[in-house]
>>> print(open('my_file_16.cif').read())   # mmCIF, C-alpha atoms, pLDDT in the B column; chains and numbers go by the auth columns
data_input
loop_
_atom_site.group_PDB
_atom_site.id
_atom_site.type_symbol
_atom_site.label_atom_id
_atom_site.label_comp_id
_atom_site.label_asym_id
_atom_site.label_seq_id
_atom_site.Cartn_x
_atom_site.Cartn_y
_atom_site.Cartn_z
_atom_site.B_iso_or_equiv
_atom_site.auth_seq_id
_atom_site.auth_asym_id
ATOM 1 C CA MET A 1 10.119 19.274 4.133 47.00 1 R
ATOM 2 C CA MET A 2 12.475 17.352 6.367 51.00 2 R
ATOM 3 C CA GLN A 3 15.318 15.400 4.866 62.00 3 R
ATOM 4 C CA ASN A 4 16.904 12.138 6.054 84.00 4 R
ATOM 5 C CA LEU A 5 13.600 10.406 6.625 92.00 5 R
ATOM 6 C CA GLN A 6 13.932 6.664 7.128 92.00 6 R
ATOM 7 C CA PHE A 7 13.214 4.400 4.168 94.00 7 R
ATOM 8 C CA ASP A 8 14.100 0.724 4.439 95.00 8 R
ATOM 9 C CA PHE A 9 13.021 -1.990 2.007 94.00 9 R
ATOM 10 C CA THR A 10 14.111 -5.528 2.906 95.00 10 R
ATOM 11 C CA VAL A 11 13.257 -8.887 1.373 94.00 11 R
ATOM 12 C CA ASP A 12 13.635 -12.161 3.275 96.00 12 R
ATOM 13 C CA LYS A 13 13.016 -14.922 0.725 94.00 13 R
ATOM 14 C CA ASP A 14 13.478 -17.685 3.324 96.00 14 R
ATOM 15 C CA LYS A 15 10.483 -16.312 5.255 96.00 15 R
ATOM 16 C CA LYS A 16 8.646 -15.144 2.078 96.00 16 R
ATOM 17 C CA MET A 17 8.512 -11.661 3.648 97.00 17 R
ATOM 18 C CA VAL A 18 8.952 -8.075 2.498 96.00 18 R
ATOM 19 C CA TYR A 19 9.551 -5.405 5.150 97.00 19 R
ATOM 20 C CA ILE A 20 9.085 -1.725 4.393 97.00 20 R
ATOM 21 C CA THR A 21 9.671 1.093 6.856 98.00 21 R
ATOM 22 C CA ARG A 22 9.061 4.642 5.673 97.00 22 R
ATOM 23 C CA GLU A 23 8.903 7.935 7.551 97.00 23 R
ATOM 24 C CA PHE A 24 6.828 10.897 6.419 97.00 24 R
ATOM 25 C CA ASP A 25 6.938 14.539 7.482 95.00 25 R
ATOM 26 C CA ALA A 26 3.199 14.579 8.215 96.00 26 R
ATOM 27 C CA ASP A 27 0.735 14.014 11.039 95.00 27 R
ATOM 28 C CA GLN A 28 -0.168 10.409 11.778 97.00 28 R
ATOM 29 C CA SER A 29 -3.874 11.025 11.174 97.00 29 R
ATOM 30 C CA LEU A 30 -3.153 12.359 7.672 97.00 30 R
ATOM 31 C CA VAL A 31 -0.865 9.434 6.817 98.00 31 R
ATOM 32 C CA TRP A 32 -3.492 7.013 8.163 98.00 32 R
ATOM 33 C CA ASP A 33 -6.131 8.637 5.944 98.00 33 R
ATOM 34 C CA ALA A 34 -3.811 8.371 2.928 98.00 34 R
ATOM 35 C CA PHE A 35 -3.596 4.598 3.468 98.00 35 R
ATOM 36 C CA THR A 36 -7.256 3.999 4.316 98.00 36 R
ATOM 37 C CA LYS A 37 -9.427 6.337 2.208 98.00 37 R
ATOM 38 C CA ALA A 38 -9.910 5.368 -1.423 97.00 38 R
ATOM 39 C CA GLU A 39 -10.028 8.949 -2.690 97.00 39 R
ATOM 40 C CA LEU A 40 -6.513 9.489 -1.277 98.00 40 R
ATOM 41 C CA ILE A 41 -5.109 6.013 -2.034 98.00 41 R
ATOM 42 C CA ASP A 42 -5.990 6.446 -5.701 98.00 42 R
ATOM 43 C CA GLN A 43 -3.896 9.635 -5.838 97.00 43 R
ATOM 44 C CA TRP A 44 -0.599 7.971 -4.866 98.00 44 R
ATOM 45 C CA ILE A 45 -0.623 4.166 -5.012 97.00 45 R
ATOM 46 C CA ALA A 46 -0.067 3.749 -8.754 95.00 46 R
ATOM 47 C CA PRO A 47 3.495 4.210 -9.999 93.00 47 R
ATOM 48 C CA LYS A 48 3.624 6.624 -12.920 90.00 48 R
ATOM 49 C CA PRO A 49 2.488 6.476 -15.694 93.00 49 R
ATOM 50 C CA MET A 50 -0.189 4.180 -14.267 95.00 50 R
ATOM 51 C CA MET A 51 -3.349 5.303 -12.486 97.00 51 R
ATOM 52 C CA ALA A 52 -5.366 3.660 -9.731 97.00 52 R
ATOM 53 C CA LYS A 53 -9.152 3.402 -9.715 97.00 53 R
ATOM 54 C CA THR A 54 -11.068 2.065 -6.733 98.00 54 R
ATOM 55 C CA LYS A 55 -14.357 0.469 -7.768 98.00 55 R
ATOM 56 C CA TYR A 56 -15.449 0.213 -4.131 98.00 56 R
ATOM 57 C CA GLN A 57 -14.028 0.218 -0.627 98.00 57 R
ATOM 58 C CA ASP A 58 -15.568 -0.731 2.704 98.00 58 R
ATOM 59 C CA PHE A 59 -12.859 -0.060 5.302 98.00 59 R
ATOM 60 C CA LYS A 60 -13.985 -2.301 8.166 98.00 60 R
ATOM 61 C CA VAL A 61 -13.042 -5.754 9.400 98.00 61 R
ATOM 62 C CA GLY A 62 -14.390 -8.130 6.771 98.00 62 R
ATOM 63 C CA GLY A 63 -14.770 -5.250 4.307 98.00 63 R
ATOM 64 C CA LYS A 64 -13.011 -5.074 0.972 98.00 64 R
ATOM 65 C CA ARG A 65 -11.366 -2.708 -1.473 98.00 65 R
ATOM 66 C CA PHE A 66 -11.613 -3.690 -5.140 98.00 66 R
ATOM 67 C CA TYR A 67 -9.427 -1.636 -7.440 98.00 67 R
ATOM 68 C CA ALA A 68 -7.482 -1.559 -10.679 98.00 68 R
ATOM 69 C CA MET A 69 -4.089 -0.290 -11.712 96.00 69 R
ATOM 70 C CA ILE A 70 -4.580 1.138 -15.184 97.00 70 R
ATOM 71 C CA GLY A 71 -1.718 1.387 -17.650 96.00 71 R
ATOM 72 C CA PRO A 72 -1.287 4.199 -20.185 96.00 72 R
ATOM 73 C CA ASP A 73 -2.708 1.839 -22.831 97.00 73 R
ATOM 74 C CA GLY A 74 -5.900 1.423 -20.762 96.00 74 R
ATOM 75 C CA GLN A 75 -5.107 -2.133 -19.652 96.00 75 R
ATOM 76 C CA GLU A 76 -6.504 -2.820 -16.177 97.00 76 R
ATOM 77 C CA ARG A 77 -4.870 -5.055 -13.552 96.00 77 R
ATOM 78 C CA TRP A 78 -7.395 -5.740 -10.791 97.00 78 R
ATOM 79 C CA ALA A 79 -6.775 -6.611 -7.144 97.00 79 R
ATOM 80 C CA ILE A 80 -8.910 -7.221 -4.100 98.00 80 R
ATOM 81 C CA GLN A 81 -8.024 -6.501 -0.499 98.00 81 R
ATOM 82 C CA GLU A 82 -9.951 -7.881 2.463 98.00 82 R
ATOM 83 C CA TYR A 83 -9.453 -6.109 5.789 98.00 83 R
ATOM 84 C CA THR A 84 -8.813 -8.641 8.569 98.00 84 R
ATOM 85 C CA SER A 85 -7.970 -6.346 11.511 98.00 85 R
ATOM 86 C CA ILE A 86 -8.242 -2.602 12.178 98.00 86 R
ATOM 87 C CA THR A 87 -7.000 -0.631 15.166 98.00 87 R
ATOM 88 C CA PRO A 88 -7.861 2.986 14.232 97.00 88 R
ATOM 89 C CA LYS A 89 -4.921 5.280 13.478 97.00 89 R
ATOM 90 C CA THR A 90 -2.267 2.681 14.473 98.00 90 R
ATOM 91 C CA ASN A 91 -2.673 -0.626 12.584 98.00 91 R
ATOM 92 C CA PHE A 92 -4.581 -2.484 9.929 98.00 92 R
ATOM 93 C CA LYS A 93 -4.113 -5.858 8.305 98.00 93 R
ATOM 94 C CA MET A 94 -5.418 -7.177 5.031 98.00 94 R
ATOM 95 C CA HIS A 95 -5.222 -10.036 2.599 97.00 95 R
ATOM 96 C CA ASN A 96 -4.301 -8.878 -0.901 96.00 96 R
ATOM 97 C CA ALA A 97 -4.695 -10.850 -4.128 96.00 97 R
ATOM 98 C CA PHE A 98 -4.732 -10.117 -7.815 95.00 98 R
ATOM 99 C CA ALA A 99 -8.184 -10.645 -9.303 97.00 99 R
ATOM 100 C CA ASP A 100 -10.086 -10.556 -12.533 97.00 100 R
ATOM 101 C CA LYS A 101 -12.580 -7.806 -13.367 96.00 101 R
ATOM 102 C CA ASP A 102 -15.346 -9.931 -11.820 97.00 102 R
ATOM 103 C CA GLU A 103 -13.629 -10.035 -8.400 96.00 103 R
ATOM 104 C CA ASN A 104 -12.428 -13.630 -8.655 97.00 104 R
ATOM 105 C CA PRO A 105 -9.123 -13.714 -6.742 95.00 105 R
ATOM 106 C CA GLU A 106 -5.977 -15.243 -8.215 94.00 106 R
ATOM 107 C CA LEU A 107 -4.563 -17.161 -5.284 92.00 107 R
ATOM 108 C CA PRO A 108 -2.121 -17.337 -3.641 92.00 108 R
ATOM 109 C CA GLY A 109 -2.007 -13.796 -2.341 94.00 109 R
ATOM 110 C CA SER A 110 -0.243 -11.959 0.459 96.00 110 R
ATOM 111 C CA GLU A 111 -0.920 -10.830 4.019 97.00 111 R
ATOM 112 C CA TRP A 112 -0.167 -7.171 4.744 98.00 112 R
ATOM 113 C CA ASP A 113 0.341 -5.670 8.215 98.00 113 R
ATOM 114 C CA HIS A 114 0.536 -1.847 8.392 98.00 114 R
ATOM 115 C CA SER A 115 1.618 -0.088 11.619 98.00 115 R
ATOM 116 C CA PHE A 116 1.641 3.682 12.174 98.00 116 R
ATOM 117 C CA SER A 117 3.407 5.709 14.866 98.00 117 R
ATOM 118 C CA GLU A 118 4.327 9.375 15.257 97.00 118 R
ATOM 119 C CA GLN A 119 7.134 11.142 17.042 95.00 119 R
ATOM 120 C CA ASP A 120 7.872 14.866 16.826 92.00 120 R
ATOM 121 C CA GLY A 121 5.595 15.306 13.806 91.00 121 R
ATOM 122 C CA ILE A 122 7.242 12.462 11.845 96.00 122 R
ATOM 123 C CA THR A 123 5.023 9.483 11.098 97.00 123 R
ATOM 124 C CA LYS A 124 6.611 6.069 10.669 98.00 124 R
ATOM 125 C CA VAL A 125 4.803 3.461 8.633 98.00 125 R
ATOM 126 C CA SER A 126 6.003 -0.126 9.007 98.00 126 R
ATOM 127 C CA ILE A 127 4.635 -2.667 6.547 98.00 127 R
ATOM 128 C CA SER A 128 5.311 -6.383 6.636 98.00 128 R
ATOM 129 C CA ILE A 129 4.079 -8.488 3.748 97.00 129 R
ATOM 130 C CA TYR A 130 3.907 -12.265 3.932 97.00 130 R
ATOM 131 C CA ASN A 131 3.624 -13.946 0.551 94.00 131 R
ATOM 132 C CA GLU A 132 1.779 -17.240 0.568 92.00 132 R
ATOM 133 C CA SER A 133 4.050 -18.517 -2.213 92.00 133 R
ATOM 134 C CA LEU A 134 7.787 -18.046 -2.762 91.00 134 R
ATOM 135 C CA GLU A 135 7.196 -18.490 -6.495 92.00 135 R
ATOM 136 C CA ARG A 136 4.704 -15.585 -6.438 88.00 136 R
ATOM 137 C CA LEU A 137 7.104 -13.416 -4.447 90.00 137 R
ATOM 138 C CA GLU A 138 9.956 -14.080 -6.865 91.00 138 R
ATOM 139 C CA ARG A 139 7.726 -13.509 -9.910 88.00 139 R
ATOM 140 C CA ILE A 140 6.507 -10.064 -8.792 88.00 140 R
ATOM 141 C CA LEU A 141 9.486 -8.888 -6.726 89.00 141 R
ATOM 142 C CA ASP A 142 11.353 -6.674 -9.217 89.00 142 R
ATOM 143 C CA GLY A 143 8.263 -4.839 -10.438 90.00 143 R
ATOM 144 C CA PHE A 144 6.813 -4.649 -6.930 91.00 144 R
ATOM 145 C CA THR A 145 10.025 -3.207 -5.475 92.00 145 R
ATOM 146 C CA GLN A 146 10.304 -0.496 -8.125 93.00 146 R
ATOM 147 C CA GLY A 147 6.576 0.239 -8.058 93.00 147 R
ATOM 148 C CA MET A 148 6.345 0.468 -4.267 94.00 148 R
ATOM 149 C CA LYS A 149 9.314 2.835 -4.069 93.00 149 R
ATOM 150 C CA MET A 150 7.689 5.055 -6.707 95.00 150 R
ATOM 151 C CA SER A 151 4.314 4.870 -4.951 96.00 151 R
ATOM 152 C CA LEU A 152 5.785 5.897 -1.596 96.00 152 R
ATOM 153 C CA SER A 153 7.524 8.820 -3.290 95.00 153 R
ATOM 154 C CA ASN A 154 4.129 9.795 -4.771 96.00 154 R
ATOM 155 C CA LEU A 155 2.684 9.595 -1.249 97.00 155 R
ATOM 156 C CA GLU A 156 5.413 11.841 0.135 95.00 156 R
ATOM 157 C CA ASN A 157 4.539 14.461 -2.495 96.00 157 R
ATOM 158 C CA LEU A 158 0.802 14.144 -1.830 97.00 158 R
ATOM 159 C CA LEU A 159 1.306 14.508 1.940 97.00 159 R
ATOM 160 C CA ALA A 160 3.414 17.626 1.403 94.00 160 R
ATOM 161 C CA THR A 161 0.603 19.128 -0.669 95.00 161 R
ATOM 162 C CA LEU A 162 -2.121 18.129 1.804 94.00 162 R
ATOM 163 C CA SER A 163 -0.108 19.355 4.805 88.00 163 R
ATOM 164 C CA LYS A 164 0.014 22.861 3.279 83.00 164 R
ATOM 165 C CA ASN A 165 -3.794 23.012 3.071 75.00 165 R
#
>>> encode(input="my_file_16.cif", output="structure tokens")
Amino acid sequence: MMQNLQFDFTVDKDKKMVYITREFDADQSLVWDAFTKAELIDQWIAPKPMMAKTKYQDFKVGGKRFYAMIGPDGQERWAIQEYTSITPKTNFKMHNAFADKDENPELPGSEWDHSFSEQDGITKVSISIYNESLERLERILDGFTQGMKMSLSNLENLLATLSKN
């Protein structure tokens, strides 16, 4: 596995934005699949000791993913993502919001823009996240920052395993 892969995590509270750039030593198509296929997302997205469980996913414009993060005590925290734009293998956008178990969103939410590019076998993922509310951003920021860093580390490990197969 290559070392010195880029990992930047920046918060701009004035713009209510979070910017994440992360490189992976894996083919772009594999990284794309890891971000867009529920059976792979569920293997890395939850920071330990939590687990992720996708109830359903329909990866198309207008489609949704409804999933839960499940704590070690069994408590479920649901969220719903609606895909607003998809350019295969290079970009997808979605609206993300917490929800109850009956799929009722807790607004405001956030707008996510994922871009993928590859150079010399290294795939760069750039994510920009616009939060509809500064209060929401500030409320979730510490846990989100720690959780996302752990999740992306989980993804790096999963990609290393999948790349060997």
>>> resolve_selection(input="my_file_16.cif", expression="the PyMOL selection byres ((chain R and resi 72-74) around 12)", output="ChimeraX atom specification")
/R:46-53,68-71,75-77
>>> atom_distance(input="my_file_16.cif", atom1="CA of Leu40 (chain R)", atom2="CA of Phe92 (chain R)")
16.5 Å
>>> resolve_selection(input="my_file_16.cif", expression="the PyMOL selection byres ((chain R and resi 133-135) around 10)", output="list in words")
Lys13, Asp14, Lys15, Lys16, Met17, Leu107, Pro108, Gly109, Ser110, Tyr130, Asn131, Glu132, Arg136, Leu137, Glu138, Arg139, Ile140 and Leu141 of chain R
>>> closest_residue(input="my_file_16.cif", among="R:Glu82, R:Asp33, R:Asp120, R:Asp102", to="Gln57 (chain R)", atoms="only C-alpha atoms")
R:Glu82
>>> residues_around(input="my_file_16.cif", residues="Gly63 (chain R)", least_positions_apart="3", cutoff="6 Å", atoms="all atoms listed in the file", output="short mmCIF file (atom, residue, chain, number, x, y, z; two decimals) with C-alpha atoms, keeping the file's coordinate frame")
data_model
loop_
_atom_site.label_atom_id
_atom_site.label_comp_id
_atom_site.auth_asym_id
_atom_site.auth_seq_id
_atom_site.Cartn_x
_atom_site.Cartn_y
_atom_site.Cartn_z
CA ASP R 58 -15.57 -0.73 2.70
CA PHE R 59 -12.86 -0.06 5.30
CA LYS R 60 -13.98 -2.30 8.17
CA GLU R 82 -9.95 -7.88 2.46
CA TYR R 83 -9.45 -6.11 5.79
#
>>> closest_residue(input="my_file_16.cif", among="R:Ser117, R:Asn154, R:Gln6, R:Asn165", to="Ser29 (chain R)", atoms="all atoms listed in the file")
R:Ser117
>>> residues_around(input="my_file_16.cif", residues="Ile129 (chain R)", least_positions_apart="4", cutoff="9 Å", atoms="all atoms listed in the file", output="PyMOL selection string")
chain R and resi 16-20+110-114
>>> atom_distance(input="my_file_16.cif", atom1="CA of Ser151 (chain R)", atom2="CA of Ser85 (chain R)")
23.4 Å
>>> closest_residue(input="my_file_16.cif", among="R:Thr21, R:Asp42, R:Ser163, R:Val61", to="Gly121 (chain R)", atoms="all atoms listed in the file")
R:Ser163
>>> resolve_selection(input="my_file_16.cif", expression="the PyMOL selection byres ((chain R and resi 35) around 10)", output="list in words")
Leu30, Val31, Trp32, Asp33, Ala34, Thr36, Lys37, Ala38, Glu39, Leu40, Ile41, Asp42, Trp44, Ile45, Phe92, His114, Val125 and Leu155 of chain R
>>> closest_residue(input="my_file_16.cif", among="R:Ser128, R:Asn104, R:Thr161, R:Asn4", to="Glu23 (chain R)", atoms="only C-alpha atoms")
R:Asn4
>>> residues_near_point(input="my_file_16.cif", point="(-7.4, -11.2, -9.5)", cutoff="6 Å", atoms="all atoms listed in the file", output="ChimeraX atom specification")
/R:78-79,98-100,104-106
>>> closest_residue(input="my_file_16.cif", among="R:Gln119, R:Thr54, R:Asn96, R:Gln43", to="Ser153 (chain R)", atoms="all atoms listed in the file")
R:Gln43
>>> atom_distance(input="my_file_16.cif", atom1="CA of Thr84 (chain R)", atom2="CA of Asp25 (chain R)")
28.0 Å
>>> closest_residue(input="my_file_16.cif", among="R:Leu158, R:Val11, R:Arg65, R:Lys164", to="Thr145 (chain R)", atoms="only C-alpha atoms")
R:Val11
